[in-house]
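Comments concern the structure below.
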Amino acid sequence: VQLQASGGGTVQAGESLRLSCQASGSSISNYNMGWFRQAPGKEREFVAALDWSGASTYYVDSLKGRFTISRDSAKNTGYLQMNSLKPEDTAIYYCAIDLTPYRFSSSNKRPNEYDSWGQGTQVTVSS
């Protein structure tokens, strides 16, 4: 599965962005999807994950209520809706696919659970 992330940009604090993750090569409906981010000088951190059925999610606690992960199977695209953005949300955002079928757990908060990664899209939030 190849992934292409897009939708990043520079916004003011309080504004919103929707990131997209276009998949090709296989249907994203078969797999778990995750979003991670990496700020300058920091390690890659978990943001959100969605299971293969679309019914279960994980979010990092600090982002609950502001970020929403979703997908459109018809478009074979995953999304990360980000609202009320803050300067500390500035980072490169990556989408990823876990190719292990029918297993979704808290392990999907770890980057090493994912097999295919998009190239990343930069999000910059100014104060």
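FYI, nothing fancy with the structure tokens labels: chains A, B, ... in order, residues from 1 per chain, ligands from 1 as they appear.
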- request: Per DSSP on the backbone, filter chain A down to the residues in helix (DSSP H, G or I) and report them as a ChimeraX atom specification.
  value: /A:28-30,61-63,73-75,87-89,106-109,111-113
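Near Ala91 in chain A, within 8 Å and counting only C-alpha atoms, sit A:Arg37, A:Gln38, A:Ala39, A:Pro40, A:Gln122, A:Val123, A:Thr124, not including residues fewer than 6 positions from it in the same chain.
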Serialized selection, N, CA and C atoms, as a CSV table (one decimal), in the first residue's frame:
chain,number,residue,atom,x,y,z
A,37,ARG,N,2.9,12.4,14.4
A,37,ARG,CA,3.5,13.7,14.1
A,37,ARG,C,4.9,13.8,14.8
A,38,GLN,N,5.7,14.6,14.1
A,38,GLN,CA,7.0,14.8,14.7
A,38,GLN,C,7.4,16.3,14.6
A,39,ALA,N,7.6,16.8,15.7
A,39,ALA,CA,8.0,18.2,15.8
A,39,ALA,C,9.6,18.3,15.8
A,40,PRO,N,10.1,19.4,15.4
A,40,PRO,CA,11.6,19.6,15.3
A,40,PRO,C,12.3,19.2,16.7
A,122,GLN,N,3.6,19.1,6.3
A,122,GLN,CA,4.0,20.0,7.3
A,122,GLN,C,2.8,20.8,7.8
A,123,VAL,N,2.6,20.9,9.0
A,123,VAL,CA,1.5,21.8,9.6
A,123,VAL,C,2.3,22.8,10.5
A,124,THR,N,2.0,24.1,10.3
A,124,THR,CA,2.6,25.2,11.0
A,124,THR,C,1.5,26.0,11.6
Compile the contact shell of range 80-82 of chain A as a PDB file with N, CA, C and O atoms, in the first residue's frame: residues with an atom at most 7 Å away, counting only C-alpha atoms, same-chain residues fewer than 4 positions apart removed.
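Printed below is part_18.pdb as written:
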ATOM      1  N   SER A  16      -8.550  25.666  11.635  1.00  0.00           N
ATOM      2  CA  SER A  16      -8.663  24.218  11.405  1.00  0.00           C
ATOM      3  C   SER A  16      -7.953  23.820  10.124  1.00  0.00           C
ATOM      4  O   SER A  16      -7.762  24.641   9.214  1.00  0.00           O
ATOM      5  N   LEU A  17      -7.568  22.565  10.072  1.00  0.00           N
ATOM      6  CA  LEU A  17      -7.039  21.948   8.865  1.00  0.00           C
ATOM      7  C   LEU A  17      -7.563  20.519   8.786  1.00  0.00           C
ATOM      8  O   LEU A  17      -7.806  19.893   9.831  1.00  0.00           O
ATOM      9  N   ARG A  18      -7.707  20.019   7.569  1.00  0.00           N
ATOM     10  CA  ARG A  18      -8.010  18.612   7.377  1.00  0.00           C
ATOM     11  C   ARG A  18      -6.906  17.988   6.534  1.00  0.00           C
ATOM     12  O   ARG A  18      -6.695  18.390   5.385  1.00  0.00           O
ATOM     13  N   LEU A  19      -6.232  17.032   7.111  1.00  0.00           N
ATOM     14  CA  LEU A  19      -5.199  16.302   6.403  1.00  0.00           C
ATOM     15  C   LEU A  19      -5.817  15.096   5.707  1.00  0.00           C
ATOM     16  O   LEU A  19      -6.749  14.479   6.239  1.00  0.00           O
ATOM     17  N   SER A  20      -5.288  14.781   4.537  1.00  0.00           N
ATOM     18  CA  SER A  20      -5.762  13.630   3.775  1.00  0.00           C
ATOM     19  C   SER A  20      -4.626  12.641   3.583  1.00  0.00           C
ATOM     20  O   SER A  20      -3.448  13.026   3.529  1.00  0.00           O
ATOM     21  N   ARG A  66     -10.337  17.691  19.904  1.00  0.00           N
ATOM     22  CA  ARG A  66      -9.901  18.644  18.880  1.00  0.00           C
ATOM     23  C   ARG A  66      -9.608  17.958  17.550  1.00  0.00           C
ATOM     24  O   ARG A  66      -9.816  18.543  16.497  1.00  0.00           O
ATOM     25  N   PHE A  67      -9.094  16.735  17.605  1.00  0.00           N
ATOM     26  CA  PHE A  67      -8.726  16.002  16.393  1.00  0.00           C
ATOM     27  C   PHE A  67      -9.682  14.837  16.186  1.00  0.00           C
ATOM     28  O   PHE A  67     -10.096  14.181  17.146  1.00  0.00           O
ATOM     29  N   THR A  68      -9.998  14.554  14.920  1.00  0.00           N
ATOM     30  CA  THR A  68     -10.865  13.435  14.586  1.00  0.00           C
ATOM     31  C   THR A  68     -10.288  12.666  13.411  1.00  0.00           C
ATOM     32  O   THR A  68     -10.000  13.262  12.369  1.00  0.00           O
ATOM     33  N   ILE A  69     -10.142  11.368  13.572  1.00  0.00           N
ATOM     34  CA  ILE A  69      -9.677  10.504  12.482  1.00  0.00           C
ATOM     35  C   ILE A  69     -10.875   9.864  11.810  1.00  0.00           C
ATOM     36  O   ILE A  69     -11.858   9.496  12.479  1.00  0.00           O
ATOM     37  N   SER A  70     -10.807   9.747  10.501  1.00  0.00           N
ATOM     38  CA  SER A  70     -11.907   9.135   9.752  1.00  0.00           C
ATOM     39  C   SER A  70     -11.371   8.618   8.430  1.00  0.00           C
ATOM     40  O   SER A  70     -10.192   8.788   8.113  1.00  0.00           O
TER      41      SER A  70
END
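With distances restricted to only C-alpha atoms, A:Ala13 is the closest residue to Asp89 in chain A from A:Val1, A:Met33, A:Ala13, A:Ala74.
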- request: Would you list the contacts of Ser105 in chain A as number ranges by chain, taking every protein, DNA or RNA residue within 10 Å and counting only C-alpha atoms, but skipping same-chain residues closer than 6 positions in sequence?
  value: A: 32, 49, 51, 56-58
message: With only C-alpha atoms as the counted atoms, please give the residues lying no more than 10 Å from Ser127 in chain A, apart from itself and same-chain residues fewer than 5 positions off, as a count of residues only.
response: 8
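Shortest separation to Gly65 in chain A among A:Glu45, A:Phe104, A:Gly118, A:Ser84 occurs at residue A:Ser84, atoms counted being only C-alpha atoms.
Minimum distance to Arg110 in chain A across A:Ala23, A:Ile28, A:Thr77, A:Phe46 (counting only C-alpha atoms) occurs at A:Phe46.
The residue that comes closest to Cys21 in chain A, out of A:Val125, A:Ala55, A:Val47, A:Ala5 and on the basis of only C-alpha atoms, is A:Ala5.
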Backbone-only DSSP, strand (DSSP E) members of range 2-120 of chain A, as a ChimeraX atom specification: /A:2-6,9-12,17-24,32-38,45-50,57-59,67-72,77-82,91-98,116-117
task: For each of A:Ser24, A:Ser73, A:Thr90, A:Ser107, take the minimum atom-to-atom distance to Thr121 in chain A, counting only C-alpha atoms, then give the residue where this is smallest.
output: A:Thr90
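Shortest separation to Asp72 in chain A among A:Asp98, A:Gly54, A:Glu43, A:Val60 occurs at residue A:Gly54, atoms counted being only C-alpha atoms.
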task: Fewer than 5 positions away in the same chain doesn't count, so skip those; otherwise give me all residues within 8 Å of Tyr31 in chain A, counting only C-alpha atoms, as a ChimeraX atom specification.
output: /A:51-52,97-102
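Across the structure, CA of Gly78 in chain A and CA of Asn112 in chain A are spaced 19.4 Å apart.
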